[in-house]
Amino acid sequence: MSDNLSLTQLANALGAELRLAPGVDADYVISGLSTLQDAGPEQLTFLANPNYRRFLKTTSAGAVLVTAEFVEETPVSALCVDNPYLAFARASALFNTAPTIEAGIHPSAVVHPDAEVASSASIAAGAVIEAFAKIGPRASVGANCFVGEGSTLGEGSCLYAGAILHHGCQVGRDVIIHSHAVIGTDGFGFALHQREWIKIYQLGGVQVGDEVEIGANTCVDRGALGDTVIGRGVKIDNLVQIAHNVQIGDYSAIAACTGIAGSAVIGKHCALGGSSRIAGHVTIADGCQVTANTFVTKSIDKPGIYSGALPFADSQSWRRNAVRFGQLDKVARRVKDLEKQLKALSLDRDK
Amino acid sequence: MSDNLSLTQLANALGAELRLAPGVDADYVISGLSTLQDAGPEQLTFLANPNYRRFLKTTSAGAVLVTAEFVEETPVSALCVDNPYLAFARASALFNTAPTIEAGIHPSAVVHPDAEVASSASIAAGAVIEAFAKIGPRASVGANCFVGEGSTLGEGSCLYAGAILHHGCQVGRDVIIHSHAVIGTDGFGFALHQREWIKIYQLGGVQVGDEVEIGANTCVDRGALGDTVIGRGVKIDNLVQIAHNVQIGDYSAIAACTGIAGSAVIGKHCALGGSSRIAGHVTIADGCQVTANTFVTKSIDKPGIYSGALPFADSQSWRRNAVRFGQLDKVARRVKDLEKQLKALSLDRDK
Amino acid sequence: MSDNLSLTQLANALGAELRLAPGVDADYVISGLSTLQDAGPEQLTFLANPNYRRFLKTTSAGAVLVTAEFVEETPVSALCVDNPYLAFARASALFNTAPTIEAGIHPSAVVHPDAEVASSASIAAGAVIEAFAKIGPRASVGANCFVGEGSTLGEGSCLYAGAILHHGCQVGRDVIIHSHAVIGTDGFGFALHQREWIKIYQLGGVQVGDEVEIGANTCVDRGALGDTVIGRGVKIDNLVQIAHNVQIGDYSAIAACTGIAGSAVIGKHCALGGSSRIAGHVTIADGCQVTANTFVTKSIDKPGIYSGALPFADSQSWRRNAVRFGQLDKVARRVKDLEKQLKALSLDRDK
């Protein structure tokens, strides 16, 4: 809900100290957010990254969220805060442009008589809610979503259009699940029998903690036995694969296109960069950071930053080095050989 | 359909030899499956991986699937089989927790009058079935699925909620297609004309063999000319891309996040690890295993295990080596140069 | 709409010069397209890649699109053109097998009274169109699609079944958006506060230029502030991630499984190979080609071909070299050391 707020209201809402520009009134109205470069007189902006300081002097914003250090050089009204990026995040909620969602069940939604839908919840057009599902107060189920038998969507949680929550999945409060995410699809489990694959039915479910966000087209497999578990406050981007029986610790963040194989355990407060890959049954300690495009092939037992991506190059240079990579073991042996020969030669000389 | 089965019934169903624990009756009822560590007295478990043997002695399970070798040390009732993992797979079907699907067409489904739906098939709420599509006996089309014109879903096959089968796609018997998989989307084909892309309409379809499983959010492109072909018993995980005119041989398995480019031919009984990449027009022989995160850039003509992923490291060590990678060709030349100089020096000395 | 066309009609439609085979009439009817190897007498085929020349002599096609160079050796009727691949692309439109889409709003679609739908547009079963959305003339919205508040689908554009266009997204003319693509999902933005993630609401939208194609299960995030922008004629394959505030220049093509991180700027006429990765805030110059599986970690300021993928090998060889990679910095230091020693030794000798 995009809103109009006076500088005073904003200062109060964001816990900021207001320093008005000359001639500006505390009732001056702000109606949106923008960047330092693009903000107009009705917009609020922020200076969080010092690299953008050069844009401060010429900003046309109505007001700027800054730390005390930059108040003086702010040419317009300043809202002084300790952490402008955090204040910007909070302001983004005040000026959210997303349509408001109204309570009630759309007539084209199909809600099983044995499902429980809170009166303050919203069930959009074409959504299908199966038996014994529970949709909590102020929760919303978007257009053409599916909630399977016995699954729960907690208070204030939201499934965007097309999101799917299969049977036996428990989603906490204030969770956001984006479009076409699939929660509780079968894990990939088969036993070989005479060179054919025999399906292992996936009997577990998925537990999603409070305040989790799960991106569009992301998959979270149900457990084979026992549940796949996404901890509290975890944030998962788009097109991520979370395999069966993975556990993700509280407040970890996982960027887009990442794949986590079965039974991997990610600690709390971890950050996995985009396109990272975590092997099955691996454990990652709390507080680890895995940079983009890294393949974690074994457990990590202490916090730190871990990497595994090569720098690219123009194709010609790249090819030269890539060919050498295929000779690396031989080159290393030749170096060892050279060392031996040189030592022999030196000894010889010293005789 | 989760079930209650006596030990005798289980032994019969799984072809196991029953060895009752002292004081336990053959009518003792089992109602589910769990791991050796977590199973309670009403649950069946299994010992397949010898690494878990240490959990056997203290298991609280009602019964354990074991090989003859471990019967003696099983502290509870044992179901003795040749292959406990296979028996566990079969037991998982007996204790499946997925909701049962009832035959019939939901009133909110939209079935074209020229479509053919078997009377024992199930069409869930919001599903859309186009003209001349055929839905076989006991097949099921989940909520909000789409089946395009002239496509076939074979006997006993299942589209989970949101799965899409575009026009001209033939799906065999006992196939499982998970939520939001898209079968028969256009391949990526364009001709350049004056630096603009001219679309090549994709005129082929997709053939999916019997007993195939295709994961959530996976894409299988329709052929450009002729069909994309997924062989019998192939298992494909989530978020996999299968491009136009790819052929996948019978009983191959493809883990999540893998991408297979156009016209690649994968043999029978191959296994592609997660996030593997197969280049276009490449052929892979029967029986090949490609480990996770490997990019197969050219054809493989004999069975074997193939790899291409680097081990990760702490970022500091990684960076040091990654920088050296960019100098690899030069380093190799310096080694060659050293060898020459050393040879000259040695010859010199030997004069 | 698959069609029957005489050779004369085809020659006119494709701007080709017709050279009839002996005994063949200009009214000879062609009813489809196929490859040189597979085409039958009622089908048209083409020779674009000289590697396929060997199939020309034995083709059973009704006619072949060839350059002047190959007319003489074409054993059947020839349609002579400058660019057979381009002519084939144009012919593919003539023989398109996709079902035709009829204008009108399906009774099960849910169209908000404040939405504007052109009378020549098509809204399929189960589609949901929110308030103030505009669906242009001859545009089509597939089964179970969603178009959010205030979004626009331009003239002649198409959303395939299950595609989602969230609020505030503007899609141009003649755009194709494939099944389960999600346009305008939230970007991945959070501020850290006491080790918890505070959501940054994503206030921007998405602009999609004319003649764009976006693949199945691809995600295009809405901008955080300002819009994510996909230029005119851009072609994006399946399972691609386009993060918030990315800009993609006109006529660039992006193959499947690629991920582009936030605020990256891709130039015009670029081609990104499958599974390529573009880091956040990076700028790529016009006319760059990034080969498959390359991770672009920094800006590229001139056109060229860029690579970053290692060749795979049999696992044993691979492992040997991969282990050496972890010693690369040390090996390079040893080479330097050898060079020093050898120099000392040589000087010593020359004394």
# chains A, B, ... in the order shown; residues from 1 in each chain; ligands from 1
>>> interface_residues(of="chain C", to="chain A", cutoff="8 Å", atoms="only C-alpha atoms", output="ChimeraX atom specification")
/C:110,126,128,144,146,149,162,164,167,180,182,185-186,188,190-193,195-203,217-219,225-226,239,241,259,261,277,294-297,304-311,318,320-321,324-325,331,334-335,338,342,345
>>> calpha_fit_and_write(fixed="chain C", moving="chain B", output="tab-separated table (two decimals) with C-alpha atoms, in the first residue's frame")
chain	number	residue	atom	x	y	z
B	1	MET	CA	-1.73	-23.69	-37.93
B	2	SER	CA	-0.24	-26.46	-40.04
B	3	ASP	CA	-0.96	-25.71	-43.67
B	4	ASN	CA	-0.75	-27.11	-47.18
B	5	LEU	CA	1.14	-24.93	-49.61
B	6	SER	CA	2.11	-25.43	-53.25
B	7	LEU	CA	5.73	-25.02	-54.28
B	8	THR	CA	4.79	-21.77	-56.00
B	9	GLN	CA	3.10	-20.46	-52.88
B	10	LEU	CA	6.11	-21.44	-50.79
B	11	ALA	CA	8.53	-19.80	-53.21
B	12	ASN	CA	6.49	-16.61	-53.04
B	13	ALA	CA	6.14	-16.70	-49.27
B	14	LEU	CA	9.86	-17.28	-48.73
B	15	GLY	CA	11.18	-15.10	-51.55
B	16	ALA	CA	12.81	-18.17	-53.11
B	17	GLU	CA	13.60	-19.03	-56.71
B	18	LEU	CA	11.90	-22.30	-57.59
B	19	ARG	CA	13.76	-24.93	-59.61
B	20	LEU	CA	11.38	-27.82	-60.19
B	21	ALA	CA	12.66	-31.38	-60.33
B	22	PRO	CA	11.86	-33.20	-63.60
B	23	GLY	CA	8.20	-34.22	-63.77
B	24	VAL	CA	7.19	-32.12	-60.77
B	25	ASP	CA	4.49	-29.50	-61.11
B	26	ALA	CA	4.63	-26.05	-59.47
B	27	ASP	CA	1.31	-26.91	-57.82
B	28	TYR	CA	2.95	-29.80	-55.99
B	29	VAL	CA	1.76	-29.57	-52.38
B	30	ILE	CA	3.98	-29.42	-49.30
B	31	SER	CA	2.39	-30.03	-45.93
B	32	GLY	CA	5.20	-29.84	-43.41
B	33	LEU	CA	8.87	-29.49	-42.53
B	34	SER	CA	11.50	-32.05	-41.66
B	35	THR	CA	15.24	-32.70	-41.69
B	36	LEU	CA	17.19	-33.73	-44.82
B	37	GLN	CA	17.42	-37.27	-43.49
B	38	ASP	CA	13.82	-37.69	-42.40
B	39	ALA	CA	11.77	-35.56	-44.81
B	40	GLY	CA	9.25	-37.40	-46.99
B	41	PRO	CA	7.82	-36.35	-50.37
B	42	GLU	CA	5.24	-34.06	-48.78
B	43	GLN	CA	7.79	-32.21	-46.70
B	44	LEU	CA	10.11	-29.29	-47.20
B	45	THR	CA	13.63	-29.39	-45.79
B	46	PHE	CA	16.77	-27.23	-45.89
B	47	LEU	CA	20.54	-27.37	-46.21
B	48	ALA	CA	22.12	-24.69	-44.03
B	49	ASN	CA	25.09	-26.43	-42.42
B	50	PRO	CA	27.53	-27.80	-45.07
B	51	ASN	CA	28.19	-30.77	-42.74
B	52	TYR	CA	24.81	-32.13	-43.77
B	53	ARG	CA	25.58	-31.93	-47.50
B	54	ARG	CA	26.14	-35.69	-47.57
B	55	PHE	CA	22.41	-36.16	-46.84
B	56	LEU	CA	21.36	-34.00	-49.78
B	57	LYS	CA	21.87	-36.56	-52.53
B	58	THR	CA	19.63	-39.16	-50.93
B	59	THR	CA	16.91	-36.93	-49.49
B	60	SER	CA	13.33	-37.98	-50.12
B	61	ALA	CA	12.00	-34.49	-49.38
B	62	GLY	CA	9.45	-32.83	-51.62
B	63	ALA	CA	11.69	-29.76	-51.84
B	64	VAL	CA	14.86	-28.37	-50.31
B	65	LEU	CA	15.77	-24.81	-49.34
B	66	VAL	CA	19.35	-24.35	-50.62
B	67	THR	CA	21.75	-21.65	-51.70
B	68	ALA	CA	22.50	-21.28	-55.41
B	69	GLU	CA	25.69	-23.28	-54.86
B	70	PHE	CA	23.77	-26.47	-54.09
B	71	VAL	CA	20.88	-26.23	-56.55
B	72	GLU	CA	22.55	-28.45	-59.12
B	73	GLU	CA	23.19	-31.33	-56.77
B	74	THR	CA	19.69	-31.21	-55.26
B	75	PRO	CA	17.94	-34.37	-56.49
B	76	VAL	CA	14.45	-32.98	-55.85
B	77	SER	CA	12.80	-29.60	-56.34
B	78	ALA	CA	14.91	-26.75	-54.99
B	79	LEU	CA	13.89	-23.44	-53.43
B	80	CYS	CA	16.93	-21.28	-53.94
B	81	VAL	CA	17.51	-18.59	-51.30
B	82	ASP	CA	20.41	-16.57	-49.91
B	83	ASN	CA	20.01	-17.85	-46.35
B	84	PRO	CA	18.37	-21.28	-46.11
B	85	TYR	CA	18.34	-21.26	-42.30
B	86	LEU	CA	16.45	-17.98	-42.26
B	87	ALA	CA	14.07	-19.30	-44.93
B	88	PHE	CA	13.58	-22.42	-42.82
B	89	ALA	CA	12.73	-20.20	-39.82
B	90	ARG	CA	10.13	-18.42	-41.93
B	91	ALA	CA	8.77	-21.70	-43.25
B	92	SER	CA	8.43	-22.95	-39.67
B	93	ALA	CA	5.86	-20.22	-39.10
B	94	LEU	CA	3.90	-21.39	-42.16
B	95	PHE	CA	3.79	-24.97	-40.93
B	96	ASN	CA	3.41	-24.26	-37.23
B	97	THR	CA	1.61	-27.12	-35.50
B	98	ALA	CA	0.51	-25.16	-32.44
B	99	PRO	CA	-3.24	-25.00	-31.91
B	100	THR	CA	-4.90	-21.78	-33.01
B	101	ILE	CA	-6.12	-19.52	-30.25
B	102	GLU	CA	-9.61	-18.11	-30.47
B	103	ALA	CA	-10.62	-14.65	-29.32
B	104	GLY	CA	-12.89	-14.35	-26.33
B	105	ILE	CA	-12.94	-14.82	-22.58
B	106	HIS	CA	-13.50	-18.34	-21.29
B	107	PRO	CA	-16.39	-18.44	-18.82
B	108	SER	CA	-14.14	-19.89	-16.12
B	109	ALA	CA	-11.63	-17.04	-16.42
B	110	VAL	CA	-11.85	-14.40	-13.69
B	111	VAL	CA	-11.49	-10.92	-15.18
B	112	HIS	CA	-11.76	-7.98	-12.83
B	113	PRO	CA	-14.39	-5.47	-13.98
B	114	ASP	CA	-11.74	-2.74	-14.00
B	115	ALA	CA	-9.47	-4.71	-16.33
B	116	GLU	CA	-9.41	-3.82	-20.03
B	117	VAL	CA	-9.44	-6.75	-22.43
B	118	ALA	CA	-9.41	-6.11	-26.18
B	119	SER	CA	-12.26	-7.81	-27.99
B	120	SER	CA	-9.80	-9.65	-30.22
B	121	ALA	CA	-7.83	-10.93	-27.22
B	122	SER	CA	-8.13	-14.45	-25.83
B	123	ILE	CA	-8.42	-15.27	-22.13
B	124	ALA	CA	-8.29	-19.01	-21.53
B	125	ALA	CA	-9.91	-21.13	-18.84
B	126	GLY	CA	-8.92	-20.41	-15.27
B	127	ALA	CA	-6.93	-17.28	-16.09
B	128	VAL	CA	-7.12	-14.48	-13.54
B	129	ILE	CA	-6.85	-10.84	-14.63
B	130	GLU	CA	-6.69	-8.22	-11.90
B	131	ALA	CA	-7.94	-4.64	-11.80
B	132	PHE	CA	-6.57	-2.09	-14.26
B	133	ALA	CA	-4.68	-4.73	-16.23
B	134	LYS	CA	-4.75	-4.22	-20.00
B	135	ILE	CA	-4.75	-7.06	-22.49
B	136	GLY	CA	-4.10	-5.76	-25.99
B	137	PRO	CA	-5.62	-6.70	-29.34
B	138	ARG	CA	-4.90	-10.28	-30.45
B	139	ALA	CA	-3.04	-10.91	-27.20
B	140	SER	CA	-3.65	-14.23	-25.51
B	141	VAL	CA	-3.59	-15.27	-21.88
B	142	GLY	CA	-3.30	-19.05	-21.46
B	143	ALA	CA	-5.02	-21.40	-19.07
B	144	ASN	CA	-4.54	-20.61	-15.37
B	145	CYS	CA	-2.32	-17.59	-16.06
B	146	PHE	CA	-2.27	-14.60	-13.73
B	147	VAL	CA	-2.02	-10.93	-14.72
B	148	GLY	CA	-1.59	-8.60	-11.75
B	149	GLU	CA	-3.02	-5.20	-11.03
B	150	GLY	CA	-2.19	-2.51	-13.55
B	151	SER	CA	-0.02	-4.71	-15.78
B	152	THR	CA	-0.11	-4.57	-19.56
B	153	LEU	CA	0.18	-7.30	-22.15
B	154	GLY	CA	0.75	-5.67	-25.54
B	155	GLU	CA	-0.85	-6.31	-28.89
B	156	GLY	CA	-0.27	-9.80	-30.25
B	157	SER	CA	1.59	-10.95	-27.13
B	158	CYS	CA	1.04	-14.35	-25.58
B	159	LEU	CA	1.22	-15.80	-22.09
B	160	TYR	CA	1.30	-19.60	-22.27
B	161	ALA	CA	-0.55	-21.71	-19.71
B	162	GLY	CA	0.50	-20.96	-16.16
B	163	ALA	CA	2.63	-17.89	-16.92
B	164	ILE	CA	2.49	-15.12	-14.34
B	165	LEU	CA	2.76	-11.39	-14.80
B	166	HIS	CA	2.68	-9.67	-11.42
B	167	HIS	CA	1.41	-6.15	-10.79
B	168	GLY	CA	3.06	-3.16	-12.38
B	169	CYS	CA	4.72	-5.00	-15.29
B	170	GLN	CA	4.60	-3.63	-18.83
B	171	VAL	CA	4.95	-6.12	-21.65
B	172	GLY	CA	5.27	-4.86	-25.24
B	173	ARG	CA	3.93	-6.19	-28.55
B	174	ASP	CA	4.45	-9.64	-30.02
B	175	VAL	CA	6.05	-10.97	-26.87
B	176	ILE	CA	5.93	-14.69	-26.00
B	177	ILE	CA	6.09	-15.70	-22.34
B	178	HIS	CA	6.20	-19.43	-21.81
B	179	SER	CA	4.52	-21.58	-19.20
B	180	HIS	CA	5.27	-20.93	-15.54
B	181	ALA	CA	7.57	-18.02	-16.26
B	182	VAL	CA	7.17	-15.53	-13.43
B	183	ILE	CA	7.56	-11.88	-14.36
B	184	GLY	CA	7.66	-9.35	-11.56
B	185	THR	CA	8.34	-11.57	-8.57
B	186	ASP	CA	10.11	-9.85	-5.68
B	187	GLY	CA	13.82	-9.23	-5.95
B	188	PHE	CA	15.97	-10.71	-3.19
B	189	GLY	CA	16.66	-7.75	-0.96
B	190	PHE	CA	17.15	-7.67	2.80
B	191	ALA	CA	18.92	-5.51	5.36
B	192	LEU	CA	20.66	-7.16	8.30
B	193	HIS	CA	19.50	-6.07	11.73
B	194	GLN	CA	20.77	-7.88	14.81
B	195	ARG	CA	21.59	-10.91	12.63
B	196	GLU	CA	18.04	-11.11	11.24
B	197	TRP	CA	16.98	-10.22	7.71
B	198	ILE	CA	14.60	-7.28	7.29
B	199	LYS	CA	12.75	-7.38	3.98
B	200	ILE	CA	13.27	-4.57	1.51
B	201	TYR	CA	9.95	-4.36	-0.27
B	202	GLN	CA	10.46	-4.31	-4.00
B	203	LEU	CA	8.75	-1.20	-5.30
B	204	GLY	CA	9.77	-1.26	-8.97
B	205	GLY	CA	8.27	-3.19	-11.86
B	206	VAL	CA	9.42	-4.93	-15.03
B	207	GLN	CA	9.49	-3.57	-18.56
B	208	VAL	CA	9.58	-6.11	-21.36
B	209	GLY	CA	10.23	-4.77	-24.88
B	210	ASP	CA	8.53	-5.76	-28.12
B	211	GLU	CA	9.25	-9.16	-29.69
B	212	VAL	CA	10.82	-10.58	-26.56
B	213	GLU	CA	10.57	-14.31	-25.80
B	214	ILE	CA	10.89	-15.60	-22.22
B	215	GLY	CA	11.22	-19.34	-21.52
B	216	ALA	CA	9.35	-21.70	-19.26
B	217	ASN	CA	10.00	-21.49	-15.51
B	218	THR	CA	12.18	-18.41	-15.99
B	219	CYS	CA	12.03	-15.69	-13.33
B	220	VAL	CA	12.32	-11.97	-13.92
B	221	ASP	CA	12.39	-10.06	-10.63
B	222	ARG	CA	10.72	-6.67	-10.28
B	223	GLY	CA	13.05	-3.77	-9.52
B	224	ALA	CA	13.77	-2.75	-5.95
B	225	LEU	CA	13.50	0.93	-6.92
B	226	GLY	CA	12.93	1.55	-10.61
B	227	ASP	CA	12.32	-1.22	-13.10
B	228	THR	CA	14.04	-4.33	-14.37
B	229	VAL	CA	14.31	-3.82	-18.14
B	230	ILE	CA	14.35	-6.42	-20.92
B	231	GLY	CA	15.12	-4.74	-24.25
B	232	ARG	CA	13.49	-5.20	-27.61
B	233	GLY	CA	13.87	-8.54	-29.36
B	234	VAL	CA	15.65	-10.22	-26.42
B	235	LYS	CA	15.31	-14.01	-26.31
B	236	ILE	CA	15.54	-15.80	-22.96
B	237	ASP	CA	15.46	-19.58	-22.60
B	238	ASN	CA	14.02	-21.74	-19.80
B	239	LEU	CA	14.95	-21.72	-16.10
B	240	VAL	CA	16.82	-18.42	-16.28
B	241	GLN	CA	17.05	-16.08	-13.29
B	242	ILE	CA	16.99	-12.34	-13.99
B	243	ALA	CA	17.41	-10.47	-10.71
B	244	HIS	CA	16.10	-7.05	-9.74
B	245	ASN	CA	17.13	-4.01	-11.75
B	246	VAL	CA	18.98	-6.02	-14.36
B	247	GLN	CA	19.00	-4.40	-17.80
B	248	ILE	CA	19.30	-6.49	-20.93
B	249	GLY	CA	20.07	-4.71	-24.19
B	250	ASP	CA	18.11	-5.16	-27.40
B	251	TYR	CA	18.44	-8.42	-29.34
B	252	SER	CA	20.55	-10.22	-26.78
B	253	ALA	CA	20.00	-13.96	-26.33
B	254	ILE	CA	20.33	-15.89	-23.08
B	255	ALA	CA	20.43	-19.67	-23.03
B	256	ALA	CA	18.88	-21.93	-20.38
B	257	CYS	CA	19.84	-22.18	-16.71
B	258	THR	CA	21.67	-18.85	-16.75
B	259	GLY	CA	21.60	-16.59	-13.69
B	260	ILE	CA	22.04	-12.83	-13.82
B	261	ALA	CA	22.48	-11.15	-10.44
B	262	GLY	CA	21.04	-7.81	-9.36
B	263	SER	CA	21.69	-4.57	-11.28
B	264	ALA	CA	23.86	-6.26	-13.91
B	265	VAL	CA	23.72	-4.54	-17.29
B	266	ILE	CA	23.98	-6.72	-20.38
B	267	GLY	CA	24.64	-4.89	-23.65
B	268	LYS	CA	22.86	-5.19	-26.98
B	269	HIS	CA	23.42	-8.13	-29.29
B	270	CYS	CA	25.08	-10.21	-26.58
B	271	ALA	CA	24.81	-13.98	-26.38
B	272	LEU	CA	25.08	-15.76	-23.03
B	273	GLY	CA	25.62	-19.52	-23.27
B	274	GLY	CA	23.72	-22.00	-21.13
B	275	SER	CA	24.38	-21.96	-17.38
B	276	SER	CA	26.39	-18.80	-17.57
B	277	ARG	CA	26.45	-16.66	-14.42
B	278	ILE	CA	26.70	-12.91	-14.32
B	279	ALA	CA	27.68	-11.28	-11.03
B	280	GLY	CA	25.73	-8.38	-9.60
B	281	HIS	CA	26.41	-4.79	-10.73
B	282	VAL	CA	28.59	-6.01	-13.61
B	283	THR	CA	28.34	-4.32	-17.02
B	284	ILE	CA	28.83	-6.27	-20.24
B	285	ALA	CA	29.57	-4.37	-23.45
B	286	ASP	CA	27.44	-4.66	-26.58
B	287	GLY	CA	28.26	-7.61	-28.80
B	288	CYS	CA	29.82	-9.88	-26.18
B	289	GLN	CA	29.57	-13.63	-26.34
B	290	VAL	CA	29.87	-15.57	-23.10
B	291	THR	CA	30.35	-19.31	-23.64
B	292	ALA	CA	28.37	-21.88	-21.69
B	293	ASN	CA	29.01	-22.35	-17.99
B	294	THR	CA	31.13	-19.21	-17.61
B	295	PHE	CA	30.95	-17.08	-14.46
B	296	VAL	CA	31.41	-13.40	-15.34
B	297	THR	CA	32.73	-11.85	-12.14
B	298	LYS	CA	33.62	-8.37	-13.39
B	299	SER	CA	32.65	-5.95	-16.10
B	300	ILE	CA	33.60	-6.53	-19.73
B	301	ASP	CA	34.21	-3.35	-21.65
B	302	LYS	CA	34.81	-4.57	-25.17
B	303	PRO	CA	33.10	-7.02	-27.47
B	304	GLY	CA	34.64	-10.47	-27.75
B	305	ILE	CA	34.23	-14.07	-26.72
B	306	TYR	CA	34.69	-14.87	-23.04
B	307	SER	CA	35.00	-18.24	-21.35
B	308	GLY	CA	35.41	-19.83	-17.98
B	309	ALA	CA	34.53	-23.53	-18.09
B	310	LEU	CA	37.04	-26.34	-17.62
B	311	PRO	CA	37.06	-29.41	-19.86
B	312	PHE	CA	35.91	-32.56	-18.06
B	313	ALA	CA	37.85	-35.83	-18.00
B	314	ASP	CA	37.58	-39.39	-16.78
B	315	SER	CA	37.30	-39.14	-13.00
B	316	GLN	CA	40.73	-40.58	-12.27
B	317	SER	CA	42.62	-38.11	-14.47
B	318	TRP	CA	40.37	-35.35	-13.29
B	319	ARG	CA	41.07	-36.04	-9.66
B	320	ARG	CA	44.82	-36.03	-10.18
B	321	ASN	CA	44.66	-32.60	-11.79
B	322	ALA	CA	42.09	-31.24	-9.36
B	323	VAL	CA	44.34	-32.15	-6.43
B	324	ARG	CA	47.19	-30.33	-8.15
B	325	PHE	CA	44.95	-27.31	-8.55
B	326	GLY	CA	44.89	-27.08	-4.76
B	327	GLN	CA	48.73	-26.92	-4.84
B	328	LEU	CA	48.96	-24.53	-7.76
B	329	ASP	CA	50.27	-21.55	-5.88
B	330	LYS	CA	52.96	-23.70	-4.26
B	331	VAL	CA	53.95	-25.24	-7.56
B	332	ALA	CA	54.26	-21.78	-9.12
B	333	ARG	CA	56.48	-20.69	-6.22
B	334	ARG	CA	58.64	-23.78	-6.66
B	335	VAL	CA	59.06	-22.94	-10.33
B	336	LYS	CA	60.16	-19.44	-9.40
B	337	ASP	CA	62.57	-20.91	-6.89
B	338	LEU	CA	63.97	-23.29	-9.48
B	339	GLU	CA	64.53	-20.41	-11.85
B	340	LYS	CA	66.50	-18.56	-9.17
B	341	GLN	CA	68.60	-21.57	-8.26
B	342	LEU	CA	69.30	-22.35	-11.87
B	343	LYS	CA	70.33	-18.79	-12.52
B	344	ALA	CA	72.66	-18.90	-9.51
B	345	LEU	CA	74.09	-22.19	-10.74
B	346	SER	CA	74.64	-20.80	-14.21
B	347	LEU	CA	76.31	-17.68	-12.90
B	348	ASP	CA	78.43	-19.88	-10.69
B	349	ARG	CA	79.47	-21.98	-13.65
B	350	ASP	CA	80.26	-18.92	-15.74
B	351	LYS	CA	82.60	-17.52	-13.12
>>> select_by_dssp(residues="region 97-332 of chain A", states="alpha helix (DSSP H)", output="list in words")
Ser315, Gln316, Ser317, Trp318, Arg319, Arg320, Asn321, Ala322, Val323, Arg324, Phe325, Leu328, Asp329, Lys330, Val331 and Ala332 of chain A
>>> select_by_dssp(residues="region 181-329 of chain A", states="strand (DSSP E)", output="ChimeraX atom specification")
/A:182-185,190-193,196-199,206-208,213-214,219-221,228-230,235-236,241-242,247-248,253-254,259-260,265-266,271-272,277-278,283-284,288-290,295-296,304-307,313-314
